[in-house]
file structure.txt (compact mmCIF, C-alpha atoms)
# COMPACT_ATOMS: atom_id res chain seq x y z
CA MET A 1 18.38 38.06 70.12
CA ILE A 2 20.90 38.06 72.91
CA SER A 3 21.73 34.41 72.77
CA LEU A 4 21.58 32.08 69.82
CA SER A 5 21.16 28.98 71.93
CA SER A 6 17.67 27.50 71.74
CA PRO A 7 15.44 27.64 74.81
CA ILE A 8 14.04 24.26 73.76
CA ARG A 9 16.09 21.77 75.71
CA THR A 10 17.42 18.93 73.62
CA ARG A 11 19.52 15.97 74.57
CA ALA A 12 22.44 17.64 72.79
CA HIS A 13 22.33 20.53 75.29
CA ARG A 14 23.86 18.18 77.84
CA TRP A 15 26.68 16.93 75.62
CA PRO A 16 30.09 18.45 76.30
CA ALA A 17 30.69 21.51 74.10
CA GLY A 18 34.21 20.35 73.24
CA ALA A 19 32.90 17.06 71.85
CA LYS A 20 30.28 18.85 69.77
CA LEU A 21 32.86 21.22 68.33
CA ALA A 22 35.25 18.35 67.57
CA ALA A 23 32.45 16.43 65.83
CA LEU A 24 31.59 19.54 63.85
CA CYS A 25 35.24 19.78 62.79
CA LEU A 26 35.27 16.16 61.62
CA ALA A 27 31.95 16.47 59.81
CA SER A 28 33.04 19.63 57.97
CA THR A 29 36.29 18.00 56.93
CA ALA A 30 34.38 14.96 55.64
CA LEU A 31 31.99 17.22 53.69
CA PHE A 32 34.89 18.73 51.81
CA ALA A 33 36.87 15.50 51.47
CA VAL A 34 34.18 13.25 49.97
CA ASP A 35 33.25 14.00 46.37
CA ALA A 36 30.16 11.83 45.94
CA LEU A 37 26.79 13.44 45.32
CA TRP A 38 24.95 10.77 47.31
CA PHE A 39 27.18 11.56 50.29
CA GLN A 40 26.47 15.26 50.12
CA LEU A 41 22.71 14.67 49.77
CA ALA A 42 22.74 12.18 52.63
CA ALA A 43 24.67 14.61 54.82
CA LEU A 44 22.18 17.40 54.19
CA GLY A 45 19.32 14.97 54.83
CA LEU A 46 20.92 13.88 58.08
CA ALA A 47 21.42 17.48 59.17
CA LEU A 48 17.77 18.25 58.47
CA ALA A 49 16.71 15.12 60.35
CA LEU A 50 18.71 16.32 63.35
CA TYR A 51 16.85 19.63 63.19
CA ALA A 52 13.52 17.80 63.09
CA LEU A 53 14.27 15.48 66.04
CA PRO A 54 13.57 17.97 68.90
CA GLY A 55 10.21 18.92 67.38
CA LEU A 56 8.49 21.34 65.08
CA VAL A 57 9.28 24.55 67.01
CA PHE A 58 12.99 23.77 67.08
CA LEU A 59 12.93 22.84 63.37
CA ARG A 60 11.21 26.08 62.46
CA SER A 61 13.50 28.39 64.47
CA GLY A 62 16.53 26.42 63.30
CA LEU A 63 15.63 26.74 59.64
CA GLY A 64 14.81 30.39 60.26
CA ALA A 65 18.36 30.94 61.47
CA LEU A 66 19.63 29.24 58.31
CA ARG A 67 17.90 31.69 55.99
CA ILE A 68 21.01 33.85 56.17
CA VAL A 69 22.92 31.28 54.10
CA LEU A 70 20.41 31.37 51.20
CA PRO A 71 21.78 34.45 49.41
CA PHE A 72 25.24 32.89 49.43
CA VAL A 73 23.90 29.60 48.11
CA GLY A 74 22.11 31.54 45.36
CA LEU A 75 25.25 33.50 44.54
CA VAL A 76 27.35 30.32 44.24
CA LEU A 77 24.75 28.64 42.01
CA VAL A 78 24.43 31.64 39.72
CA TRP A 79 28.19 32.15 39.52
CA HIS A 80 28.89 28.54 38.60
CA ALA A 81 25.97 28.42 36.15
CA LEU A 82 27.39 31.47 34.38
CA SER A 83 30.95 30.22 34.41
CA GLY A 84 29.88 26.90 32.89
CA SER A 85 30.31 24.53 35.82
CA PRO A 86 26.79 24.16 37.28
CA ALA A 87 27.52 20.72 38.76
CA GLU A 88 30.38 22.12 40.78
CA GLY A 89 28.08 24.90 41.94
CA VAL A 90 25.51 22.40 43.21
CA PHE A 91 28.23 20.53 45.11
CA LEU A 92 29.59 23.67 46.69
CA ALA A 93 26.12 24.93 47.62
CA LEU A 94 25.24 21.58 49.23
CA ARG A 95 28.48 21.54 51.21
CA MET A 96 28.05 25.10 52.36
CA ALA A 97 24.43 24.60 53.41
CA THR A 98 25.21 21.41 55.33
CA ALA A 99 28.29 22.83 57.03
CA VAL A 100 26.45 25.97 58.16
CA ALA A 101 23.43 23.89 59.24
CA LEU A 102 25.61 21.66 61.42
CA ALA A 103 27.51 24.59 62.89
CA ASN A 104 24.23 26.33 63.69
CA LEU A 105 23.04 23.15 65.36
CA VAL A 106 26.02 23.32 67.72
CA THR A 107 25.27 26.99 68.42
CA MET A 108 21.63 26.23 69.16
CA THR A 109 22.43 23.48 71.62
CA THR A 110 25.41 25.00 73.43
CA SER A 111 25.34 27.85 75.94
CA LEU A 112 27.71 30.72 75.48
CA GLU A 113 29.28 29.89 78.82
CA ASP A 114 30.17 26.37 77.67
CA LEU A 115 31.66 27.70 74.43
CA THR A 116 33.75 30.19 76.40
CA ASP A 117 34.94 27.34 78.62
CA VAL A 118 36.17 25.42 75.57
CA LEU A 119 37.93 28.55 74.40
CA ARG A 120 39.57 28.91 77.80
CA ALA A 121 40.77 25.31 77.76
CA LEU A 122 42.13 25.69 74.22
CA GLY A 123 43.77 28.97 75.13
CA ARG A 124 45.61 27.66 78.14
CA PRO A 125 48.85 26.96 76.21
CA LEU A 126 48.65 30.46 74.71
CA GLN A 127 48.18 31.91 78.18
CA ARG A 128 51.43 30.27 79.21
CA LEU A 129 53.04 32.13 76.34
CA GLY A 130 51.81 35.34 77.93
CA LEU A 131 48.71 36.06 75.85
CA PRO A 132 45.95 37.60 78.00
CA MET A 133 43.25 34.98 77.34
CA HIS A 134 41.13 36.15 80.28
CA LEU A 135 40.47 39.38 78.37
CA LEU A 136 38.91 37.32 75.60
CA GLU A 137 36.62 35.64 78.11
CA THR A 138 35.24 39.01 79.15
CA ALA A 139 35.26 40.39 75.63
CA ILE A 140 32.86 37.78 74.24
CA PRO A 141 29.93 38.52 76.58
CA LEU A 142 30.66 42.24 76.18
CA VAL A 143 30.20 42.02 72.42
CA ILE A 144 26.91 40.19 72.84
CA ARG A 145 25.74 42.63 75.48
CA PHE A 146 26.66 45.78 73.56
CA THR A 147 25.66 44.89 70.03
CA PRO A 148 21.97 45.71 70.66
CA VAL A 149 23.00 48.77 72.71
CA LEU A 150 25.02 50.14 69.80
CA ILE A 151 22.20 49.45 67.36
CA GLN A 152 19.92 51.40 69.69
CA LYS A 153 22.40 54.29 69.82
CA ALA A 154 22.64 54.34 66.04
CA GLY A 155 18.85 54.44 65.91
CA ALA A 156 18.80 57.41 68.30
CA LEU A 157 21.35 59.28 66.15
CA VAL A 158 19.29 58.65 63.02
CA GLU A 159 16.24 59.95 64.85
CA ALA A 160 18.09 63.06 66.01
CA TRP A 161 19.18 63.67 62.42
CA ARG A 162 15.73 63.18 60.93
CA ALA A 163 14.14 65.41 63.56
CA ARG A 164 16.05 68.33 62.06
CA SER A 165 16.66 67.35 58.46
CA ALA A 166 14.59 66.32 55.48
CA ARG A 167 17.59 64.60 53.89
CA ARG A 168 18.42 60.99 54.64
CA PRO A 169 21.20 60.42 57.15
CA GLY A 170 24.36 59.05 55.60
CA PRO A 171 27.95 58.23 56.49
CA GLN A 172 28.15 61.49 58.44
CA LEU A 173 26.75 59.53 61.41
CA VAL A 174 29.63 57.03 61.47
CA LEU A 175 32.00 59.30 63.37
CA PRO A 176 29.52 60.38 66.07
CA LEU A 177 28.49 56.75 66.51
CA ALA A 178 32.14 55.74 66.89
CA LEU A 179 32.60 58.46 69.50
CA LEU A 180 29.51 57.28 71.36
CA ALA A 181 30.90 53.75 71.31
CA LEU A 182 34.23 54.96 72.70
CA ASP A 183 32.39 56.86 75.42
CA ASP A 184 30.47 53.71 76.30
CA ALA A 185 33.74 51.78 76.36
CA ASP A 186 35.09 54.21 78.97
CA HIS A 187 32.04 53.73 81.14
CA VAL A 188 32.20 49.95 80.88
CA ALA A 189 35.90 49.98 81.70
CA GLU A 190 35.04 51.91 84.84
CA ALA A 191 32.25 49.49 85.74
CA LEU A 192 34.64 46.56 85.23
CA ARG A 193 37.22 48.16 87.49
CA ALA A 194 34.59 48.95 90.14
CA ARG A 195 33.90 45.27 90.47
CA GLY A 196 37.42 43.99 90.09
CA GLY A 197 37.31 43.07 86.42
CA PRO A 198 40.32 42.37 84.24
CA LEU A 199 40.84 45.92 82.99
CA MET B 200 31.31 67.71 114.88
CA HIS B 201 29.30 64.50 115.25
CA ALA B 202 31.99 61.98 114.36
CA THR B 203 35.03 63.61 115.93
CA ALA B 204 35.18 61.03 118.73
CA ASP B 205 35.20 58.12 116.28
CA PRO B 206 38.77 56.78 116.07
CA ARG B 207 38.20 55.07 112.72
CA PRO B 208 35.25 56.56 110.86
CA ALA B 209 33.68 54.56 108.03
CA VAL B 210 34.32 57.37 105.60
CA GLN B 211 37.33 59.59 106.18
CA LEU B 212 38.50 62.38 103.88
CA GLU B 213 41.42 64.58 104.95
CA ASP B 214 42.03 67.67 102.83
CA LEU B 215 41.08 65.67 99.76
CA GLY B 216 41.68 67.32 96.40
CA TYR B 217 41.33 66.23 92.78
CA GLU B 218 42.52 67.97 89.65
CA VAL B 219 42.40 67.13 85.95
CA ALA B 220 44.96 68.83 83.72
CA GLY B 221 45.42 71.66 86.21
CA ARG B 222 41.69 72.20 86.60
CA VAL B 223 40.54 71.87 90.20
CA ILE B 224 37.49 69.62 90.52
CA LEU B 225 37.56 69.06 94.29
CA SER B 226 39.62 70.78 96.94
CA GLY B 227 40.08 70.77 100.70
CA LEU B 228 37.42 68.21 101.49
CA THR B 229 37.59 67.06 105.07
CA LEU B 230 34.86 64.76 106.23
CA ARG B 231 34.59 62.01 108.82
CA SER B 232 31.44 60.02 109.09
CA SER B 233 30.10 56.75 110.39
CA ALA B 234 26.45 57.56 109.81
CA ARG B 235 24.31 54.79 108.31
CA ARG B 236 22.83 56.96 105.61
CA ILE B 237 25.07 59.72 104.33
CA GLY B 238 23.88 62.13 101.65
CA VAL B 239 25.91 64.38 99.38
CA VAL B 240 23.94 67.12 97.70
CA GLY B 241 25.05 69.66 95.11
CA ARG B 242 24.43 71.15 91.70
CA ASN B 243 25.47 69.64 88.37
CA GLY B 244 29.21 70.06 88.01
CA SER B 245 29.83 70.55 91.73
CA GLY B 246 32.16 67.54 91.75
CA LYS B 247 29.70 65.02 93.17
CA SER B 248 30.37 62.27 90.64
CA THR B 249 34.12 62.77 90.97
CA LEU B 250 33.75 62.33 94.72
CA ALA B 251 31.76 59.14 94.12
CA ARG B 252 34.52 57.76 91.87
CA LEU B 253 37.21 58.71 94.38
CA LEU B 254 35.29 56.97 97.15
CA ALA B 255 34.95 53.87 94.99
CA GLY B 256 38.70 53.90 94.37
CA LEU B 257 38.28 54.46 90.63
CA LEU B 258 40.23 57.72 90.71
CA VAL B 259 43.43 58.54 92.55
CA PRO B 260 43.30 61.67 94.76
CA SER B 261 45.56 64.52 93.64
CA ARG B 262 46.11 65.50 97.26
CA GLY B 263 45.02 64.57 100.74
CA THR B 264 43.86 61.15 101.87
CA LEU B 265 40.72 59.14 101.53
CA ARG B 266 39.88 56.03 103.50
CA VAL B 267 36.81 53.86 103.60
CA GLU B 268 36.66 51.58 106.64
CA GLY B 269 40.33 52.36 107.09
CA ILE B 270 41.25 51.21 103.57
CA GLU B 271 42.88 53.35 100.91
CA VAL B 272 40.48 52.22 98.24
CA HIS B 273 42.43 53.35 95.17
CA ALA B 274 45.63 51.70 96.35
CA ASP B 275 44.37 48.42 97.77
CA ARG B 276 41.93 47.32 95.08
CA LYS B 277 41.50 43.84 96.47
CA ALA B 278 40.40 45.06 99.87
CA ALA B 279 38.36 47.79 98.20
CA LEU B 280 36.26 45.20 96.35
CA ALA B 281 35.11 43.79 99.68
CA THR B 282 34.54 47.26 101.11
CA VAL B 283 32.88 49.59 98.61
CA GLY B 284 30.33 49.09 95.88
CA ILE B 285 29.13 51.76 93.52
CA LEU B 286 25.87 52.15 91.62
CA PHE B 287 26.28 54.41 88.62
CA GLN B 288 23.69 56.80 87.26
CA ASN B 289 23.05 54.86 84.09
CA PRO B 290 22.60 51.09 84.40
CA GLU B 291 23.45 50.82 80.72
CA HIS B 292 27.00 51.84 81.71
CA GLN B 293 27.22 49.31 84.46
CA ILE B 294 25.81 46.07 83.15
CA ILE B 295 28.54 44.02 81.52
CA PHE B 296 26.85 40.73 80.78
CA PRO B 297 23.92 39.86 78.54
CA ARG B 298 22.03 37.89 81.19
CA VAL B 299 20.96 38.68 84.77
CA GLN B 300 22.61 35.79 86.57
CA GLU B 301 25.97 36.23 84.80
CA GLU B 302 25.90 39.90 85.68
CA ILE B 303 25.40 39.18 89.36
CA ALA B 304 27.97 36.37 89.38
CA PHE B 305 30.69 38.50 87.76
CA GLY B 306 31.69 40.51 90.85
CA LEU B 307 31.60 37.36 92.98
CA ARG B 308 34.03 35.65 90.59
CA GLN B 309 36.32 38.67 90.88
CA GLN B 310 36.21 38.26 94.66
CA GLY B 311 37.73 34.84 94.14
CA ARG B 312 34.68 32.54 94.30
CA SER B 313 34.62 29.53 92.01
CA LYS B 314 32.29 29.52 89.02
CA SER B 315 29.74 27.22 90.67
CA GLU B 316 29.90 29.09 94.00
CA ALA B 317 29.35 32.40 92.24
CA ALA B 318 26.42 31.00 90.27
CA ALA B 319 24.82 29.58 93.42
CA GLU B 320 25.36 32.82 95.34
CA ALA B 321 23.86 34.83 92.45
CA LEU B 322 20.75 32.63 92.62
CA ARG B 323 20.58 33.15 96.38
CA VAL B 324 20.73 36.93 95.93
CA LEU B 325 18.02 36.78 93.27
CA ALA B 326 15.83 34.73 95.63
CA LEU B 327 16.51 37.23 98.43
CA PHE B 328 15.07 39.96 96.23
CA ASP B 329 12.18 37.68 95.19
CA LYS B 330 13.49 37.68 91.63
CA ALA B 331 14.46 34.04 91.15
CA GLY B 332 12.58 34.09 87.83
CA TRP B 333 14.96 36.71 86.42
CA LYS B 334 17.89 34.29 86.30
CA ASP B 335 18.02 33.82 82.54
CA ALA B 336 16.31 37.05 81.54
CA PRO B 337 18.20 38.92 78.81
CA ILE B 338 19.21 42.39 80.02
CA GLN B 339 17.95 43.87 76.78
CA SER B 340 14.39 42.86 77.65
CA LEU B 341 14.36 44.63 81.05
CA SER B 342 12.82 48.01 81.75
CA GLN B 343 15.00 50.88 82.96
CA GLY B 344 13.88 50.39 86.58
CA GLN B 345 14.51 46.64 86.32
CA LYS B 346 18.02 47.29 85.00
CA HIS B 347 18.64 49.54 88.01
CA LEU B 348 17.54 46.72 90.28
CA VAL B 349 19.89 44.27 88.52
CA CYS B 350 22.78 46.70 89.12
CA MET B 351 21.77 46.99 92.77
CA MET B 352 21.62 43.22 93.21
CA ALA B 353 24.95 42.76 91.42
CA VAL B 354 26.68 45.26 93.70
CA LEU B 355 25.00 44.13 96.93
CA ALA B 356 25.87 40.50 96.10
CA MET B 357 29.51 41.46 96.73
CA ARG B 358 28.47 42.51 100.27
CA PRO B 359 30.18 45.89 100.38
CA ARG B 360 30.30 47.70 103.71
CA LEU B 361 29.63 50.99 101.95
CA LEU B 362 27.31 51.38 98.97
CA ILE B 363 27.90 54.52 96.93
CA LEU B 364 24.95 55.74 94.91
CA ASP B 365 25.73 58.23 92.16
CA GLU B 366 22.36 59.81 91.26
CA PRO B 367 20.89 56.34 90.89
CA PHE B 368 17.33 57.59 90.53
CA ALA B 369 17.80 60.35 87.98
CA GLY B 370 15.23 60.03 85.23
CA LEU B 371 13.07 57.40 86.94
CA ASP B 372 9.37 57.88 87.62
CA ILE B 373 8.09 58.29 91.17
CA PRO B 374 6.79 54.71 91.67
CA THR B 375 10.04 53.18 90.38
CA LYS B 376 12.05 55.53 92.61
CA MET B 377 9.96 54.58 95.63
CA GLN B 378 10.24 50.86 94.92
CA LEU B 379 14.01 50.98 94.43
CA GLY B 380 14.25 53.13 97.58
CA ARG B 381 12.48 50.39 99.51
CA TYR B 382 15.05 47.81 98.35
CA LEU B 383 17.79 50.17 99.53
CA ASP B 384 16.14 50.63 102.92
CA ARG B 385 15.93 46.89 103.34
CA CYS B 386 19.64 46.30 102.85
CA ALA B 387 21.63 46.87 106.00
CA THR B 388 24.61 48.34 104.13
CA ARG B 389 25.86 51.83 104.89
CA LEU B 390 24.79 54.19 102.12
CA LEU B 391 26.50 57.21 100.65
CA HIS B 392 23.96 58.72 98.32
CA ILE B 393 24.88 61.48 95.90
CA SER B 394 22.10 63.55 94.37
CA HIS B 395 21.12 66.97 93.14
CA ASP B 396 17.58 66.42 94.38
CA PRO B 397 17.04 67.13 98.08
CA ALA B 398 13.92 64.93 97.98
CA ASP B 399 16.14 61.85 97.49
CA LEU B 400 18.01 62.54 100.73
CA ARG B 401 15.11 63.39 103.02
CA GLY B 402 15.51 61.77 106.41
CA TYR B 403 19.19 60.92 105.91
CA ASP B 404 21.32 60.88 109.05
CA GLU B 405 23.81 63.29 107.62
CA VAL B 406 23.96 65.48 104.51
CA HIS B 407 27.04 67.16 103.04
CA TRP B 408 26.55 70.04 100.62
CA LEU B 409 29.11 70.27 97.84
CA ASP B 410 29.49 73.44 95.82
CA ARG B 411 32.11 74.03 93.12
CA GLY B 412 34.35 71.33 94.55
CA ARG B 413 34.14 72.42 98.18
CA LEU B 414 32.04 71.41 101.16
CA VAL B 415 29.88 74.33 102.21
CA ALA B 416 27.75 72.70 104.89
CA SER B 417 27.35 69.43 106.76
CA GLY B 418 24.75 68.26 109.22
CA ALA B 419 21.46 66.48 109.70
CA ALA B 420 19.25 66.32 106.61
CA ASP B 421 16.51 68.53 108.05
CA LEU B 422 19.06 71.25 108.79
CA VAL B 423 21.08 71.20 105.55
CA LEU B 424 18.42 70.40 102.95
CA PRO B 425 16.12 73.41 103.58
CA ARG B 426 19.12 75.74 103.28
CA PHE B 427 20.23 73.96 100.12
CA THR B 428 16.77 74.17 98.58
CA ALA B 429 16.46 77.87 99.42
CA ASP B 430 19.83 78.56 97.84
CA MET B 431 18.99 76.51 94.74
CA ILE B 432 15.79 78.53 94.24
CA ARG B 433 17.78 81.73 94.71
CA GLN B 434 20.34 80.59 92.10
CA GLY B 435 17.49 79.59 89.82
CA GLY B 436 16.61 83.25 89.64
CA LEU B 437 20.11 84.09 88.39
CA ASP B 438 21.64 83.40 85.00
CA ASP B 439 24.82 81.39 85.58
CA LEU B 440 23.93 79.23 82.57
CA SER B 441 25.45 82.02 80.49
CA GLN B 442 28.90 81.50 81.97
CA LEU B 443 31.28 79.31 79.98
CA SER B 444 33.93 77.45 81.92
CA ASP B 445 37.54 78.18 81.14
call {"tool": "encode", "arguments": {"input": "structure.txt", "output": "structure tokens"}}
result
Amino acid sequence: MISLSSPIRTRAHRWPAGAKLAALCLASTALFAVDALWFQLAALGLALALYALPGLVFLRSGLGALRIVLPFVGLVLVWHALSGSPAEGVFLALRMATAVALANLVTMTTSLEDLTDVLRALGRPLQRLGLPMHLLETAIPLVIRFTPVLIQKAGALVEAWRARSARRPGPQLVLPLALLALDDADHVAEALRARGGPL
Amino acid sequence: MHATADPRPAVQLEDLGYEVAGRVILSGLTLRSSARRIGVVGRNGSGKSTLARLLAGLLVPSRGTLRVEGIEVHADRKAALATVGILFQNPEHQIIFPRVQEEIAFGLRQQGRSKSEAAAEALRVLALFDKAGWKDAPIQSLSQGQKHLVCMMAVLAMRPRLLILDEPFAGLDIPTKMQLGRYLDRCATRLLHISHDPADLRGYDEVHWLDRGRLVASGAADLVLPRFTADMIRQGGLDDLSQLSD
């Protein structure tokens, strides 16, 4: 989907994005600083409780977004089991799951615009040093806008290949896709200039 | 001709030429017009899109001068933003932001409005087009015609005095074309519409026929378009597809 923020409005949507990010920072640090199993379990429990607070739909879509962390959790558990330190593996897996769950919670309750605003505020000192932070502000929405477009283009190339070949398309499509992306970049640069954008 | 008495025509080209790497794309274009609906007709590769980009100030003329409402649009970009808007052929190439309201607010921000002002103005424009419900719609979920309309709203929000249309309807079905055409008719902005299809320019106040980078005829739509159509059908009987460019 275009945006990862949840359409279900929660109280946390109204909290300032900077505060949420700072809290996330503190929580992640605590997760890695405290070595007690009860603490780790409690933290995961708390994170899950936070997911459950806004209701079942939010909980379900939130946990759905977390599925991506499962393979990594599995990998860590297997690795540590094989290398003879299963307890350490459980700790690490718990920490990882909780940290990602909390970070995802911030993503789900914060609009992209608010996140960009935080970035702008944090970047102000860098801007004074001459770094073009305003380019970053345009670049972020551009990435989100053009990711699905590029996926679509790749799909069209695969189709064009399969329409004329019985073999499966392979890395040969990488170069044409890159060229298509560059072509798109030219067009977007023009569109940005036509409306006074930063390019 | 018609606009000779006008001291400061809305669109003024004087011996305009454009070349890329020694290849002439446009040459010797002289045109003065203050018509409300101006059409430019020509074949693929006649230089129409280059002319559109020159008029929008996105390209710098190789020779001659070009002014829109008295402004040299490629040189004075700030004034140009308040003067010309351009709708490209493919909305996919024009839409920068993932959501409708952000897309419309972008140009307004570039014109110097504050974030909240731009957001409010974007909502006002959406309401004006009866599309208030589109505010948070993700671009990816819109149909091709709907994306065209978003582009149109985003450009018109900046209140340009001249709206340049570069084949905006190519590839759209007849109902979508007609509906978008109605939105264009409703806006009071001066239009400069570039197309290869004479049907798009029917009833325009003035039509300029571009062929291989030169103007071959100018005049009222019902005078120029029949001649253009006849010549296109004549050329359709030939085989210039075989020719490779050098």
call {"tool": "residues_near_point", "arguments": {"input": "structure.txt", "point": "(21.8, 42.6, 93.4)", "cutoff": "12 Å", "atoms": "only C-alpha atoms", "output": "NGL selection string"}}
result
:B and (284-286 or 294 or 299-307 or 320-331 or 333-334 or 345-359 or 362 or 379 or 382-383 or 386)
call {"tool": "residues_around", "arguments": {"input": "structure.txt", "residues": "Thr264 of chain B", "least_positions_apart": "2", "cutoff": "12 Å", "atoms": "all atoms listed in the file", "output": "PyMOL selection string"}}
result
chain B and resi 210-217+226-231+253-254+256+259-262+266-267+269-274
call {"tool": "write_last_selection", "arguments": {"input": "structure.txt", "atoms": "C-alpha atoms", "output": "PDB file, in the coordinates of the input"}}
result
ATOM      1  CA  VAL B 210      34.320  57.370 105.600  1.00  0.00           C
ATOM      2  CA  GLN B 211      37.330  59.590 106.180  1.00  0.00           C
ATOM      3  CA  LEU B 212      38.500  62.380 103.880  1.00  0.00           C
ATOM      4  CA  GLU B 213      41.420  64.580 104.950  1.00  0.00           C
ATOM      5  CA  ASP B 214      42.030  67.670 102.830  1.00  0.00           C
ATOM      6  CA  LEU B 215      41.080  65.670  99.760  1.00  0.00           C
ATOM      7  CA  GLY B 216      41.680  67.320  96.400  1.00  0.00           C
ATOM      8  CA  TYR B 217      41.330  66.230  92.780  1.00  0.00           C
ATOM      9  CA  SER B 226      39.620  70.780  96.940  1.00  0.00           C
ATOM     10  CA  GLY B 227      40.080  70.770 100.700  1.00  0.00           C
ATOM     11  CA  LEU B 228      37.420  68.210 101.490  1.00  0.00           C
ATOM     12  CA  THR B 229      37.590  67.060 105.070  1.00  0.00           C
ATOM     13  CA  LEU B 230      34.860  64.760 106.230  1.00  0.00           C
ATOM     14  CA  ARG B 231      34.590  62.010 108.820  1.00  0.00           C
ATOM     15  CA  LEU B 253      37.210  58.710  94.380  1.00  0.00           C
ATOM     16  CA  LEU B 254      35.290  56.970  97.150  1.00  0.00           C
ATOM     17  CA  GLY B 256      38.700  53.900  94.370  1.00  0.00           C
ATOM     18  CA  VAL B 259      43.430  58.540  92.550  1.00  0.00           C
ATOM     19  CA  PRO B 260      43.300  61.670  94.760  1.00  0.00           C
ATOM     20  CA  SER B 261      45.560  64.520  93.640  1.00  0.00           C
ATOM     21  CA  ARG B 262      46.110  65.500  97.260  1.00  0.00           C
ATOM     22  CA  ARG B 266      39.880  56.030 103.500  1.00  0.00           C
ATOM     23  CA  VAL B 267      36.810  53.860 103.600  1.00  0.00           C
ATOM     24  CA  GLY B 269      40.330  52.360 107.090  1.00  0.00           C
ATOM     25  CA  ILE B 270      41.250  51.210 103.570  1.00  0.00           C
ATOM     26  CA  GLU B 271      42.880  53.350 100.910  1.00  0.00           C
ATOM     27  CA  VAL B 272      40.480  52.220  98.240  1.00  0.00           C
ATOM     28  CA  HIS B 273      42.430  53.350  95.170  1.00  0.00           C
ATOM     29  CA  ALA B 274      45.630  51.700  96.350  1.00  0.00           C
TER      30      ALA B 274
END
call {"tool": "atom_distance", "arguments": {"input": "structure.txt", "atom1": "atom CA of Ser6 of chain A", "atom2": "atom CA of His134 of chain A"}}
result
26.4 Å
call {"tool": "residues_around", "arguments": {"input": "structure.txt", "residues": "segment 108-117 of chain A", "least_positions_apart": "6", "cutoff": "7 Å", "atoms": "all atoms listed in the file", "output": "PyMOL selection string"}}
result
chain A and resi 4-6+12-13+17+137
call {"tool": "atom_distance", "arguments": {"input": "structure.txt", "atom1": "atom CA of Val78 of chain A", "atom2": "atom CA of Leu31 of chain A"}}
result
21.5 Å
call {"tool": "atom_distance", "arguments": {"input": "structure.txt", "atom1": "atom CA of Leu409 of chain B", "atom2": "atom CA of Val240 of chain B"}}
result
6.1 Å
call {"tool": "interface_residues", "arguments": {"input": "structure.txt", "of": "chain A", "to": "chain B", "cutoff": "7 Å", "atoms": "all atoms listed in the file", "output": "ChimeraX atom specification"}}
result
/A:2,141-142,144-145,184,187-188,191,194-197
call {"tool": "write_last_selection", "arguments": {"input": "structure.txt", "atoms": "C-alpha atoms", "output": "PDB file, in the frame of the given file"}}
result
ATOM      1  CA  ILE A   2      20.900  38.060  72.910  1.00  0.00           C
ATOM      2  CA  PRO A 141      29.930  38.520  76.580  1.00  0.00           C
ATOM      3  CA  LEU A 142      30.660  42.240  76.180  1.00  0.00           C
ATOM      4  CA  ILE A 144      26.910  40.190  72.840  1.00  0.00           C
ATOM      5  CA  ARG A 145      25.740  42.630  75.480  1.00  0.00           C
ATOM      6  CA  ASP A 184      30.470  53.710  76.300  1.00  0.00           C
ATOM      7  CA  HIS A 187      32.040  53.730  81.140  1.00  0.00           C
ATOM      8  CA  VAL A 188      32.200  49.950  80.880  1.00  0.00           C
ATOM      9  CA  ALA A 191      32.250  49.490  85.740  1.00  0.00           C
ATOM     10  CA  ALA A 194      34.590  48.950  90.140  1.00  0.00           C
ATOM     11  CA  ARG A 195      33.900  45.270  90.470  1.00  0.00           C
ATOM     12  CA  GLY A 196      37.420  43.990  90.090  1.00  0.00           C
ATOM     13  CA  GLY A 197      37.310  43.070  86.420  1.00  0.00           C
TER      14      GLY A 197
END
call {"tool": "residues_around", "arguments": {"input": "structure.txt", "residues": "Glu268 of chain B", "least_positions_apart": "6", "cutoff": "9 Å", "atoms": "only C-alpha atoms", "output": "number ranges by chain"}}
result
B: 207-211, 282, 360-361
call {"tool": "decode", "arguments": {"input": "structure.txt", "residues": "segment 27-48 of chain A", "atoms": "C-alpha atoms", "output": "PDB file, in the first residue's frame"}}
result
ATOM      1  CA  ALA A  27      12.214   1.948  24.564  1.00  0.00           C
ATOM      2  CA  SER A  28      14.622   0.326  22.091  1.00  0.00           C
ATOM      3  CA  THR A  29      17.597   1.337  24.198  1.00  0.00           C
ATOM      4  CA  ALA A  30      15.926  -0.121  27.302  1.00  0.00           C
ATOM      5  CA  LEU A  31      15.192  -3.374  25.441  1.00  0.00           C
ATOM      6  CA  PHE A  32      18.862  -3.841  24.716  1.00  0.00           C
ATOM      7  CA  ALA A  33      20.100  -2.550  28.075  1.00  0.00           C
ATOM      8  CA  VAL A  34      18.005  -4.720  30.403  1.00  0.00           C
ATOM      9  CA  ASP A  35      18.985  -8.379  30.545  1.00  0.00           C
ATOM     10  CA  ALA A  36      16.074  -9.851  32.493  1.00  0.00           C
ATOM     11  CA  LEU A  37      13.749 -12.339  30.829  1.00  0.00           C
ATOM     12  CA  TRP A  38      10.720 -11.039  32.731  1.00  0.00           C
ATOM     13  CA  PHE A  39      11.452  -7.562  31.381  1.00  0.00           C
ATOM     14  CA  GLN A  40      11.643  -8.757  27.807  1.00  0.00           C
ATOM     15  CA  LEU A  41       8.425 -10.779  28.153  1.00  0.00           C
ATOM     16  CA  ALA A  42       6.650  -7.864  29.805  1.00  0.00           C
ATOM     17  CA  ALA A  43       7.812  -5.508  27.053  1.00  0.00           C
ATOM     18  CA  LEU A  44       6.485  -7.801  24.336  1.00  0.00           C
ATOM     19  CA  GLY A  45       3.232  -8.200  26.270  1.00  0.00           C
ATOM     20  CA  LEU A  46       2.928  -4.440  26.601  1.00  0.00           C
ATOM     21  CA  ALA A  47       3.571  -3.943  22.895  1.00  0.00           C
ATOM     22  CA  LEU A  48       0.874  -6.472  22.042  1.00  0.00           C
TER      23      LEU A  48
END
